[in-house]
$ cat my_file-v3.txt   # compact mmCIF, C-alpha atoms
# COMPACT_ATOMS: atom_id res chain seq x y z
CA MET A 1 10.46 26.26 4.22
CA ILE A 2 10.35 22.59 5.20
CA ASP A 3 13.81 21.29 4.21
CA GLY A 4 15.93 21.03 7.33
CA THR A 5 12.83 20.83 9.55
CA VAL A 6 12.08 17.89 11.84
CA ILE A 7 8.90 16.26 10.52
CA TYR A 8 6.98 13.84 12.73
CA TYR A 9 5.43 10.68 11.30
CA GLN A 10 3.91 7.46 12.55
CA GLY A 11 6.12 4.42 12.16
CA SER A 12 9.72 3.25 12.08
CA PRO A 13 12.54 4.03 9.61
CA GLY A 14 11.56 2.53 6.27
CA ALA A 15 7.86 3.41 6.66
CA PHE A 16 6.01 4.87 3.69
CA SER A 17 5.37 8.04 5.70
CA GLU A 18 9.12 8.49 6.07
CA ALA A 19 9.53 7.85 2.33
CA ALA A 20 6.91 10.50 1.55
CA ILE A 21 8.77 13.01 3.73
CA LEU A 22 12.13 12.38 2.08
CA SER A 23 10.61 12.28 -1.40
CA HIS A 24 9.12 15.76 -1.05
CA TRP A 25 11.65 17.34 1.34
CA PRO A 26 14.99 15.51 0.93
CA HIS A 27 16.73 17.54 3.62
CA ALA A 28 14.02 17.23 6.26
CA ILE A 29 14.65 15.18 9.40
CA PRO A 30 11.97 12.49 9.89
CA GLN A 31 11.11 11.54 13.46
CA GLY A 32 8.87 8.53 13.99
CA PHE A 33 6.36 7.73 16.76
CA PRO A 34 4.80 4.34 17.51
CA THR A 35 1.13 5.29 17.04
CA PHE A 36 -1.03 7.93 15.39
CA ALA A 37 -2.22 9.09 18.82
CA GLU A 38 1.35 9.63 20.04
CA THR A 39 2.23 11.49 16.85
CA PHE A 40 -0.73 13.83 17.29
CA GLN A 41 0.09 14.35 20.94
CA ALA A 42 3.64 15.37 20.03
CA LEU A 43 2.28 17.81 17.43
CA GLN A 44 -0.12 19.25 19.99
CA ASP A 45 2.59 19.62 22.65
CA ASN A 46 4.90 21.62 20.37
CA PRO A 47 3.26 24.63 18.63
CA ASN A 48 6.06 24.72 16.04
CA ALA A 49 6.10 21.00 15.24
CA VAL A 50 5.27 19.67 11.76
CA GLY A 51 3.95 16.22 10.89
CA LEU A 52 3.10 14.18 7.81
CA LEU A 53 0.28 11.66 8.27
CA PRO A 54 -1.50 9.36 5.78
CA ILE A 55 -5.13 10.16 5.14
CA GLU A 56 -6.19 7.93 2.24
CA ASN A 57 -5.02 5.08 0.05
CA ALA A 58 -6.08 5.21 -3.59
CA TYR A 59 -7.69 1.76 -3.46
CA ARG A 60 -8.35 0.93 0.20
CA GLY A 61 -9.79 4.23 1.30
CA PRO A 62 -9.39 6.63 4.22
CA VAL A 63 -7.28 6.29 7.34
CA TYR A 64 -10.10 7.18 9.71
CA ASP A 65 -7.92 7.26 12.83
CA VAL A 66 -6.02 10.20 11.36
CA LEU A 67 -9.19 12.05 10.35
CA ASP A 68 -10.77 11.60 13.78
CA LEU A 69 -7.62 12.68 15.62
CA LEU A 70 -7.24 15.70 13.36
CA THR A 71 -10.88 16.73 13.87
CA ALA A 72 -10.39 16.67 17.65
CA SER A 73 -7.08 18.59 17.52
CA THR A 74 -6.00 22.19 16.99
CA LEU A 75 -3.88 21.24 13.96
CA SER A 76 -4.50 22.41 10.40
CA ILE A 77 -3.65 20.97 6.99
CA TRP A 78 -0.98 22.94 5.11
CA ALA A 79 -0.28 20.68 2.11
CA GLU A 80 -1.17 17.39 0.47
CA ALA A 81 1.49 15.01 -0.86
CA VAL A 82 0.99 11.70 -2.68
CA GLN A 83 3.47 8.84 -2.40
CA PRO A 84 3.64 5.68 -4.58
CA VAL A 85 3.39 2.52 -2.46
CA GLU A 86 5.25 -0.62 -3.55
CA LEU A 87 4.81 -3.50 -1.13
CA ALA A 88 7.31 -6.32 -0.69
CA LEU A 89 7.14 -9.60 1.20
CA MET A 90 10.32 -10.14 3.20
CA ALA A 91 11.72 -12.91 5.38
CA TYR A 92 14.54 -13.49 7.83
CA GLY A 93 17.42 -15.64 6.60
CA HIS A 94 15.84 -16.92 3.38
CA SER A 95 13.72 -16.00 0.36
CA ASP A 96 11.58 -19.14 0.07
CA LEU A 97 7.88 -18.31 -0.09
CA SER A 98 6.86 -21.87 0.74
CA ARG A 99 8.45 -21.58 4.20
CA ILE A 100 6.31 -18.59 5.18
CA LYS A 101 3.01 -19.39 6.92
CA LYS A 102 2.07 -16.01 8.39
CA VAL A 103 2.65 -12.36 7.42
CA ARG A 104 2.52 -9.27 9.61
CA SER A 105 2.02 -5.62 8.64
CA HIS A 106 -0.09 -2.50 9.15
CA PRO A 107 -3.81 -3.09 8.40
CA GLN A 108 -3.68 -0.79 5.35
CA ALA A 109 -0.76 -2.76 3.84
CA LEU A 110 -2.53 -6.05 4.52
CA MET A 111 -5.65 -4.73 2.75
CA GLN A 112 -3.54 -3.47 -0.16
CA SER A 113 -1.95 -6.93 -0.68
CA GLN A 114 -4.87 -9.17 0.22
CA MET A 115 -5.06 -10.88 -3.19
CA PHE A 116 -1.42 -12.03 -2.91
CA CYS A 117 -1.91 -13.24 0.67
CA ARG A 118 -5.10 -15.09 -0.25
CA GLU A 119 -3.53 -16.68 -3.34
CA HIS A 120 -0.66 -18.09 -1.29
CA GLY A 121 -2.69 -19.10 1.74
CA LEU A 122 -0.90 -16.76 4.11
CA ILE A 123 -2.34 -16.03 7.54
CA VAL A 124 -2.33 -12.28 8.15
CA GLU A 125 -1.62 -10.60 11.47
CA VAL A 126 -1.89 -6.90 12.26
CA ALA A 127 1.17 -4.87 13.32
CA LEU A 128 1.44 -1.19 14.28
CA ASP A 129 3.18 -0.22 11.03
CA THR A 130 4.84 -1.66 7.94
CA ALA A 131 8.47 -0.95 8.78
CA GLY A 132 7.81 -1.89 12.40
CA SER A 133 6.77 -5.37 11.29
CA ALA A 134 10.09 -5.68 9.44
CA LYS A 135 12.00 -4.55 12.53
CA GLU A 136 10.10 -7.02 14.73
CA LEU A 137 10.86 -9.83 12.27
CA LEU A 138 14.57 -9.10 12.52
CA GLU A 139 14.35 -9.16 16.31
CA SER A 140 12.37 -12.42 16.41
CA ARG A 141 14.45 -14.21 13.73
CA ARG A 142 11.41 -16.32 12.89
CA GLU A 143 11.81 -17.96 9.51
CA ASP A 144 8.16 -19.02 9.20
CA ILE A 145 6.84 -15.44 9.46
CA GLY A 146 7.07 -12.75 6.79
CA ALA A 147 6.65 -8.99 6.90
CA ILE A 148 5.01 -6.78 4.29
CA ALA A 149 6.70 -3.41 3.98
CA SER A 150 8.66 -1.24 1.55
CA PRO A 151 11.73 -2.70 -0.22
CA ARG A 152 13.74 -0.05 1.64
CA ALA A 153 12.63 -1.53 4.96
CA ALA A 154 14.17 -4.86 3.93
CA GLU A 155 17.47 -3.09 3.29
CA ILE A 156 17.36 -1.20 6.59
CA TYR A 157 16.65 -4.31 8.69
CA GLY A 158 18.75 -6.80 6.73
CA LEU A 159 15.88 -8.96 5.53
CA ASN A 160 15.57 -10.92 2.31
CA ILE A 161 12.96 -9.85 -0.22
CA VAL A 162 10.81 -12.84 -1.17
CA ARG A 163 8.53 -11.01 -3.63
CA ARG A 164 8.33 -7.37 -4.74
CA GLY A 165 5.30 -5.55 -6.07
CA ILE A 166 2.73 -7.65 -4.21
CA GLN A 167 0.21 -4.78 -3.91
CA ASP A 168 -3.15 -5.53 -5.52
CA HIS A 169 -2.85 -2.55 -7.89
CA PRO A 170 0.39 -1.56 -9.68
CA ASP A 171 -0.38 2.18 -9.35
CA ASN A 172 -1.02 1.91 -5.61
CA ARG A 173 -0.41 5.20 -3.79
CA THR A 174 -1.34 7.03 -0.62
CA ARG A 175 -2.03 10.70 0.02
CA PHE A 176 -0.65 12.43 3.09
CA TRP A 177 -1.48 15.66 4.89
CA LEU A 178 1.17 18.04 6.21
CA LEU A 179 -0.08 19.12 9.64
CA SER A 180 0.94 21.80 12.11
CA GLN A 181 -0.43 24.39 14.51
CA ARG A 182 1.72 27.05 12.86
CA PRO A 183 1.20 28.36 9.31
CA ILE A 184 3.33 26.75 6.60
CA HIS A 185 3.39 28.59 3.27
CA LEU A 186 3.90 26.32 0.26
CA THR A 187 2.86 26.57 -3.38
CA SER A 188 1.42 23.86 -5.61
CA PRO A 189 3.50 22.94 -8.68
CA LEU A 190 0.21 21.61 -10.09
CA ASN A 191 -1.57 24.94 -9.50
CA ARG A 192 -4.18 23.01 -7.51
CA MET A 193 -5.75 23.98 -4.20
CA LYS A 194 -8.05 22.00 -1.90
CA THR A 195 -10.15 22.69 1.15
CA SER A 196 -11.03 19.97 3.65
CA ALA A 197 -13.73 20.33 6.29
CA VAL A 198 -15.90 18.33 8.66
CA PHE A 199 -19.39 19.40 9.73
CA ASP A 200 -22.72 18.40 11.26
CA LEU A 201 -26.07 19.16 9.60
CA PRO A 202 -29.60 19.29 11.02
CA ASP A 203 -31.50 16.03 10.64
CA LYS A 204 -34.02 17.08 8.00
CA PRO A 205 -34.74 16.25 4.34
CA GLY A 206 -32.43 17.90 1.84
CA ALA A 207 -29.98 19.31 4.41
CA LEU A 208 -26.90 17.80 2.78
CA VAL A 209 -27.99 18.50 -0.80
CA ASN A 210 -28.83 22.11 -0.02
CA TYR A 211 -25.49 22.68 1.66
CA LEU A 212 -23.43 21.11 -1.12
CA LEU A 213 -25.17 23.26 -3.73
CA TRP A 214 -23.15 26.24 -2.44
CA TYR A 215 -20.03 24.62 -3.91
CA LYS A 216 -21.76 24.07 -7.25
CA LYS A 217 -22.85 27.71 -7.28
CA PHE A 218 -19.24 28.88 -7.08
CA GLY A 219 -17.97 26.38 -9.68
CA LEU A 220 -16.10 24.11 -7.28
CA ASN A 221 -15.47 20.37 -7.59
CA LEU A 222 -16.36 18.19 -4.61
CA SER A 223 -13.68 15.51 -4.86
CA LYS A 224 -14.83 13.72 -1.70
CA VAL A 225 -18.02 13.52 0.36
CA GLU A 226 -18.11 10.97 3.18
CA SER A 227 -20.08 10.39 6.36
CA ARG A 228 -18.61 9.42 9.74
CA PRO A 229 -20.33 8.50 13.02
CA ARG A 230 -21.02 11.68 15.00
CA PRO A 231 -19.47 11.58 18.50
CA GLY A 232 -22.07 11.40 21.26
CA ALA A 233 -25.00 10.88 18.88
CA PRO A 234 -25.80 7.21 18.06
CA PHE A 235 -26.65 6.63 14.40
CA ALA A 236 -26.16 10.28 13.55
CA TYR A 237 -23.46 11.30 11.10
CA ARG A 238 -20.77 13.90 10.58
CA PHE A 239 -19.64 14.74 7.04
CA TRP A 240 -16.16 15.09 5.58
CA ILE A 241 -15.61 16.92 2.30
CA ASP A 242 -12.64 17.71 0.09
CA VAL A 243 -13.22 20.54 -2.38
CA VAL A 244 -10.98 21.48 -5.32
CA GLY A 245 -10.87 25.07 -6.57
CA ASP A 246 -9.30 28.50 -6.26
CA ALA A 247 -9.02 30.00 -2.77
CA PRO A 248 -11.37 33.01 -3.30
CA SER A 249 -14.20 30.79 -4.59
CA LEU A 250 -13.59 28.32 -1.78
CA ASP A 251 -13.85 31.13 0.77
CA GLN A 252 -17.08 32.44 -0.79
CA ALA A 253 -18.74 29.02 -0.81
CA TRP A 254 -17.63 28.31 2.74
CA GLU A 255 -18.91 31.61 4.13
CA SER A 256 -22.18 31.32 2.25
CA GLY A 257 -22.98 27.90 3.68
CA LEU A 258 -22.04 28.45 7.34
CA SER A 259 -25.62 29.18 8.41
CA ASP A 260 -26.65 25.71 7.19
CA LEU A 261 -24.32 23.96 9.65
CA GLU A 262 -24.89 22.91 13.27
CA TRP A 263 -21.17 22.38 13.89
CA PHE A 264 -18.11 22.65 11.65
CA ARG A 265 -14.36 22.61 11.49
CA ARG A 266 -12.48 23.82 8.43
CA LEU A 267 -9.35 21.68 8.50
CA GLY A 268 -7.42 23.73 5.95
CA THR A 269 -7.12 25.24 2.50
CA TYR A 270 -3.87 23.95 1.09
CA PRO A 271 -1.77 23.29 -2.02
CA VAL A 272 -1.62 19.86 -3.65
CA LEU A 273 2.08 19.07 -4.13
CA SER A 274 1.76 15.80 -6.06
CA GLU A 275 -0.87 13.33 -7.23

$ encode --input "my_file-v3.txt" --output "structure tokens"
Amino acid sequence: MIDGTVIYYQGSPGAFSEAAILSHWPHAIPQGFPTFAETFQALQDNPNAVGLLPIENAYRGPVYDVLDLLTASTLSIWAEAVQPVELALMAYGHSDLSRIKKVRSHPQALMQSQMFCREHGLIVEVALDTAGSAKELLESRREDIGAIASPRAAEIYGLNIVRRGIQDHPDNRTRFWLLSQRPIHLTSPLNRMKTSAVFDLPDKPGALVNYLLWYKKFGLNLSKVESRPRPGAPFAYRFWIDVVGDAPSLDQAWESGLSDLEWFRRLGTYPVLSE
């Protein structure tokens, strides 16, 4: 069970990670940390700790910092949850867009609202997280700077919403992974299971194709295949896959292909809670 559990996340109250926690586990207790690295360290230090971290936005792609930290950790994925993301521009003491010259937010939020910022000639500046930029705006009381965060963040920090729904895509959403060192047993209301893994392959023709054919053989859908720079090997690549299918078939494909791999880490086989 997760309700009633402390769940770590990166950010401040009003962050989308906090919203995702409360949306899926209303009685959980969110606890925020300033950075992804600090969140992972806290999860590593406490074998019973649970965290919810963003891994990919539907339109702006993966959160690579989370993937890289997870790959280097002893944590596993125990569930996937998807959270709608509505972005709002907020200001201190007014709601006049023409008075705002610069906006601050997390890089993902700035990417997800870049058309609005470009249209209105706003200078963008990176902050550690969305809700944190709202909190910093309250503390600075600058009327010429705006923050991009959730509408709830504006309520929490007493800011005025200048514009709502400024994300580039109306159906903007982000998927999160529930992480822990300890097993967490949940079921998917969608009857959907995934496996995520990272691995290195030998540098030879057909290595990736031959490996991926194991998943085709067992009737599995590769929902994601992506390459990442391989640590300690310039211009060599590590692969990240997400595979959709039933657990027995996933296990068979995984075991069958192990001999093809130079290095691997199976990050988890887990239920999809929402999409």

$ residues_near_point --input "my_file-v3.txt" --point "(-30.4, 27.9, 9.0)" --cutoff "12 Å" --atoms "all atoms listed in the file" --output "PyMOL selection string"
chain A and resi 201-202+204+207+210-211+256-263

$ closest_atom_pairs --input "my_file-v3.txt" --of "region 23-90 of chain A" --to "region 218-233 of chain A" --cutoff "10 Å" --atoms "all atoms listed in the file" --output "JSON lines"
{"residue": "A:Pro62", "atom": "CA", "partner": "A:Glu226", "partner_atom": "CA", "distance": 9.8}
{"residue": "A:Tyr64", "atom": "CA", "partner": "A:Arg228", "partner_atom": "CA", "distance": 8.8}
{"residue": "A:Leu67", "atom": "CA", "partner": "A:Arg228", "partner_atom": "CA", "distance": 9.8}
{"residue": "A:Asp68", "atom": "CA", "partner": "A:Arg228", "partner_atom": "CA", "distance": 9.1}

$ closest_residue --input "my_file-v3.txt" --among "A:Glu80, A:Asp65, A:Asp129, A:Asp96" --to "Glu18 (chain A)" --atoms "only C-alpha atoms"
A:Asp129

$ residues_around --input "my_file-v3.txt" --residues "Gln41 (chain A)" --least-positions-apart "4" --cutoff "12 Å" --atoms "only C-alpha atoms" --output "ChimeraX atom specification"
/A:8-10,33-37,45-47,49-51,69-70,72-75,180-181

$ residues_around --input "my_file-v3.txt" --residues "region 29-31 of chain A" --least-positions-apart "5" --cutoff "12 Å" --atoms "all atoms listed in the file" --output "ChimeraX atom specification"
/A:2-24,38-39,42-43,49-53

$ write_last_selection --input "my_file-v3.txt" --atoms "C-alpha atoms" --output "PDB file, keeping the file's coordinate frame"
ATOM      1  CA  ILE A   2      10.350  22.590   5.200  1.00  0.00           C
ATOM      2  CA  ASP A   3      13.810  21.290   4.210  1.00  0.00           C
ATOM      3  CA  GLY A   4      15.930  21.030   7.330  1.00  0.00           C
ATOM      4  CA  THR A   5      12.830  20.830   9.550  1.00  0.00           C
ATOM      5  CA  VAL A   6      12.080  17.890  11.840  1.00  0.00           C
ATOM      6  CA  ILE A   7       8.900  16.260  10.520  1.00  0.00           C
ATOM      7  CA  TYR A   8       6.980  13.840  12.730  1.00  0.00           C
ATOM      8  CA  TYR A   9       5.430  10.680  11.300  1.00  0.00           C
ATOM      9  CA  GLN A  10       3.910   7.460  12.550  1.00  0.00           C
ATOM     10  CA  GLY A  11       6.120   4.420  12.160  1.00  0.00           C
ATOM     11  CA  SER A  12       9.720   3.250  12.080  1.00  0.00           C
ATOM     12  CA  PRO A  13      12.540   4.030   9.610  1.00  0.00           C
ATOM     13  CA  GLY A  14      11.560   2.530   6.270  1.00  0.00           C
ATOM     14  CA  ALA A  15       7.860   3.410   6.660  1.00  0.00           C
ATOM     15  CA  PHE A  16       6.010   4.870   3.690  1.00  0.00           C
ATOM     16  CA  SER A  17       5.370   8.040   5.700  1.00  0.00           C
ATOM     17  CA  GLU A  18       9.120   8.490   6.070  1.00  0.00           C
ATOM     18  CA  ALA A  19       9.530   7.850   2.330  1.00  0.00           C
ATOM     19  CA  ALA A  20       6.910  10.500   1.550  1.00  0.00           C
ATOM     20  CA  ILE A  21       8.770  13.010   3.730  1.00  0.00           C
ATOM     21  CA  LEU A  22      12.130  12.380   2.080  1.00  0.00           C
ATOM     22  CA  SER A  23      10.610  12.280  -1.400  1.00  0.00           C
ATOM     23  CA  HIS A  24       9.120  15.760  -1.050  1.00  0.00           C
ATOM     24  CA  GLU A  38       1.350   9.630  20.040  1.00  0.00           C
ATOM     25  CA  THR A  39       2.230  11.490  16.850  1.00  0.00           C
ATOM     26  CA  ALA A  42       3.640  15.370  20.030  1.00  0.00           C
ATOM     27  CA  LEU A  43       2.280  17.810  17.430  1.00  0.00           C
ATOM     28  CA  ALA A  49       6.100  21.000  15.240  1.00  0.00           C
ATOM     29  CA  VAL A  50       5.270  19.670  11.760  1.00  0.00           C
ATOM     30  CA  GLY A  51       3.950  16.220  10.890  1.00  0.00           C
ATOM     31  CA  LEU A  52       3.100  14.180   7.810  1.00  0.00           C
ATOM     32  CA  LEU A  53       0.280  11.660   8.270  1.00  0.00           C
TER      33      LEU A  53
END

$ decode --input "my_file-v3.txt" --residues "region 25-37 of chain A" --atoms "all heavy atoms" --output "PDB file, in the first residue's frame"
ATOM      1  N   TRP A  25      -2.316   8.854  -5.075  1.00  0.00           N
ATOM      2  CA  TRP A  25      -2.359   8.374  -3.686  1.00  0.00           C
ATOM      3  C   TRP A  25      -2.728   9.551  -2.776  1.00  0.00           C
ATOM      4  O   TRP A  25      -1.846  10.189  -2.182  1.00  0.00           O
ATOM      5  CB  TRP A  25      -1.001   7.783  -3.295  1.00  0.00           C
ATOM      6  CG  TRP A  25      -0.584   6.677  -4.225  1.00  0.00           C
ATOM      7  CD1 TRP A  25      -1.072   5.399  -4.246  1.00  0.00           C
ATOM      8  CD2 TRP A  25       0.369   6.746  -5.296  1.00  0.00           C
ATOM      9  NE1 TRP A  25      -0.483   4.673  -5.250  1.00  0.00           N
ATOM     10  CE2 TRP A  25       0.405   5.464  -5.912  1.00  0.00           C
ATOM     11  CE3 TRP A  25       1.209   7.752  -5.782  1.00  0.00           C
ATOM     12  CZ2 TRP A  25       1.234   5.187  -6.996  1.00  0.00           C
ATOM     13  CZ3 TRP A  25       2.026   7.477  -6.858  1.00  0.00           C
ATOM     14  CH2 TRP A  25       2.038   6.222  -7.456  1.00  0.00           C
ATOM     15  N   PRO A  26      -4.020   9.877  -2.689  1.00  0.00           N
ATOM     16  CA  PRO A  26      -4.465  11.096  -2.001  1.00  0.00           C
ATOM     17  C   PRO A  26      -4.031  11.192  -0.543  1.00  0.00           C
ATOM     18  O   PRO A  26      -3.956  12.304   0.001  1.00  0.00           O
ATOM     19  CB  PRO A  26      -5.994  11.017  -2.118  1.00  0.00           C
ATOM     20  CG  PRO A  26      -6.248  10.117  -3.283  1.00  0.00           C
ATOM     21  CD  PRO A  26      -5.138   9.127  -3.284  1.00  0.00           C
ATOM     22  N   HIS A  27      -3.768  10.054   0.086  1.00  0.00           N
ATOM     23  CA  HIS A  27      -3.415  10.089   1.502  1.00  0.00           C
ATOM     24  C   HIS A  27      -1.914   9.897   1.740  1.00  0.00           C
ATOM     25  O   HIS A  27      -1.490   9.722   2.892  1.00  0.00           O
ATOM     26  CB  HIS A  27      -4.217   9.032   2.263  1.00  0.00           C
ATOM     27  CG  HIS A  27      -5.697   9.200   2.122  1.00  0.00           C
ATOM     28  ND1 HIS A  27      -6.375  10.288   2.630  1.00  0.00           N
ATOM     29  CD2 HIS A  27      -6.632   8.439   1.479  1.00  0.00           C
ATOM     30  CE1 HIS A  27      -7.661  10.182   2.335  1.00  0.00           C
ATOM     31  NE2 HIS A  27      -7.838   9.074   1.635  1.00  0.00           N
ATOM     32  N   ALA A  28      -1.137   9.937   0.673  1.00  0.00           N
ATOM     33  CA  ALA A  28       0.319   9.878   0.830  1.00  0.00           C
ATOM     34  C   ALA A  28       0.827  11.212   1.374  1.00  0.00           C
ATOM     35  O   ALA A  28       0.111  12.224   1.378  1.00  0.00           O
ATOM     36  CB  ALA A  28       0.983   9.566  -0.504  1.00  0.00           C
ATOM     37  N   ILE A  29       2.070  11.213   1.817  1.00  0.00           N
ATOM     38  CA  ILE A  29       2.679  12.423   2.382  1.00  0.00           C
ATOM     39  C   ILE A  29       3.866  12.805   1.495  1.00  0.00           C
ATOM     40  O   ILE A  29       4.942  12.205   1.598  1.00  0.00           O
ATOM     41  CB  ILE A  29       3.154  12.175   3.829  1.00  0.00           C
ATOM     42  CG1 ILE A  29       1.974  11.679   4.676  1.00  0.00           C
ATOM     43  CG2 ILE A  29       3.761  13.437   4.432  1.00  0.00           C
ATOM     44  CD1 ILE A  29       2.404  11.074   6.003  1.00  0.00           C
ATOM     45  N   PRO A  30       3.704  13.783   0.606  1.00  0.00           N
ATOM     46  CA  PRO A  30       4.815  14.167  -0.271  1.00  0.00           C
ATOM     47  C   PRO A  30       5.908  14.898   0.510  1.00  0.00           C
ATOM     48  O   PRO A  30       5.624  15.730   1.378  1.00  0.00           O
ATOM     49  CB  PRO A  30       4.154  15.116  -1.280  1.00  0.00           C
ATOM     50  CG  PRO A  30       2.673  14.877  -1.150  1.00  0.00           C
ATOM     51  CD  PRO A  30       2.461  14.498   0.280  1.00  0.00           C
ATOM     52  N   GLN A  31       7.156  14.588   0.176  1.00  0.00           N
ATOM     53  CA  GLN A  31       8.301  15.269   0.767  1.00  0.00           C
ATOM     54  C   GLN A  31       9.257  15.659  -0.332  1.00  0.00           C
ATOM     55  O   GLN A  31       9.809  14.803  -1.020  1.00  0.00           O
ATOM     56  CB  GLN A  31       9.012  14.386   1.797  1.00  0.00           C
ATOM     57  CG  GLN A  31      10.211  15.074   2.459  1.00  0.00           C
ATOM     58  CD  GLN A  31      10.863  14.221   3.522  1.00  0.00           C
ATOM     59  OE1 GLN A  31      10.236  13.330   4.085  1.00  0.00           O
ATOM     60  NE2 GLN A  31      12.133  14.480   3.801  1.00  0.00           N
ATOM     61  N   GLY A  32       9.451  16.969  -0.528  1.00  0.00           N
ATOM     62  CA  GLY A  32      10.245  17.454  -1.637  1.00  0.00           C
ATOM     63  C   GLY A  32      11.717  17.651  -1.311  1.00  0.00           C
ATOM     64  O   GLY A  32      12.081  17.908  -0.150  1.00  0.00           O
ATOM     65  N   PHE A  33      12.554  17.540  -2.348  1.00  0.00           N
ATOM     66  CA  PHE A  33      13.994  17.786  -2.251  1.00  0.00           C
ATOM     67  C   PHE A  33      14.384  18.748  -3.364  1.00  0.00           C
ATOM     68  O   PHE A  33      13.766  18.753  -4.430  1.00  0.00           O
ATOM     69  CB  PHE A  33      14.781  16.480  -2.369  1.00  0.00           C
ATOM     70  CG  PHE A  33      14.609  15.554  -1.204  1.00  0.00           C
ATOM     71  CD1 PHE A  33      13.517  14.688  -1.138  1.00  0.00           C
ATOM     72  CD2 PHE A  33      15.515  15.556  -0.160  1.00  0.00           C
ATOM     73  CE1 PHE A  33      13.338  13.841  -0.056  1.00  0.00           C
ATOM     74  CE2 PHE A  33      15.353  14.707   0.933  1.00  0.00           C
ATOM     75  CZ  PHE A  33      14.268  13.854   0.984  1.00  0.00           C
ATOM     76  N   PRO A  34      15.428  19.548  -3.157  1.00  0.00           N
ATOM     77  CA  PRO A  34      15.760  20.584  -4.142  1.00  0.00           C
ATOM     78  C   PRO A  34      16.160  20.065  -5.520  1.00  0.00           C
ATOM     79  O   PRO A  34      15.838  20.687  -6.527  1.00  0.00           O
ATOM     80  CB  PRO A  34      16.931  21.331  -3.485  1.00  0.00           C
ATOM     81  CG  PRO A  34      16.779  21.076  -2.021  1.00  0.00           C
ATOM     82  CD  PRO A  34      16.218  19.683  -1.923  1.00  0.00           C
ATOM     83  N   THR A  35      16.885  18.959  -5.583  1.00  0.00           N
ATOM     84  CA  THR A  35      17.402  18.475  -6.868  1.00  0.00           C
ATOM     85  C   THR A  35      17.112  16.988  -7.043  1.00  0.00           C
ATOM     86  O   THR A  35      16.811  16.278  -6.078  1.00  0.00           O
ATOM     87  CB  THR A  35      18.928  18.676  -6.963  1.00  0.00           C
ATOM     88  OG1 THR A  35      19.565  17.843  -5.983  1.00  0.00           O
ATOM     89  CG2 THR A  35      19.309  20.136  -6.720  1.00  0.00           C
ATOM     90  N   PHE A  36      17.238  16.522  -8.294  1.00  0.00           N
ATOM     91  CA  PHE A  36      17.086  15.088  -8.552  1.00  0.00           C
ATOM     92  C   PHE A  36      18.154  14.302  -7.800  1.00  0.00           C
ATOM     93  O   PHE A  36      17.877  13.234  -7.240  1.00  0.00           O
ATOM     94  CB  PHE A  36      17.191  14.806 -10.049  1.00  0.00           C
ATOM     95  CG  PHE A  36      16.008  15.270 -10.854  1.00  0.00           C
ATOM     96  CD1 PHE A  36      16.187  15.973 -12.036  1.00  0.00           C
ATOM     97  CD2 PHE A  36      14.709  14.995 -10.443  1.00  0.00           C
ATOM     98  CE1 PHE A  36      15.099  16.395 -12.789  1.00  0.00           C
ATOM     99  CE2 PHE A  36      13.609  15.415 -11.182  1.00  0.00           C
ATOM    100  CZ  PHE A  36      13.809  16.119 -12.357  1.00  0.00           C
ATOM    101  N   ALA A  37      19.385  14.810  -7.795  1.00  0.00           N
ATOM    102  CA  ALA A  37      20.478  14.082  -7.145  1.00  0.00           C
ATOM    103  C   ALA A  37      20.209  13.915  -5.651  1.00  0.00           C
ATOM    104  O   ALA A  37      20.444  12.832  -5.084  1.00  0.00           O
ATOM    105  CB  ALA A  37      21.793  14.815  -7.365  1.00  0.00           C
TER     106      ALA A  37
END
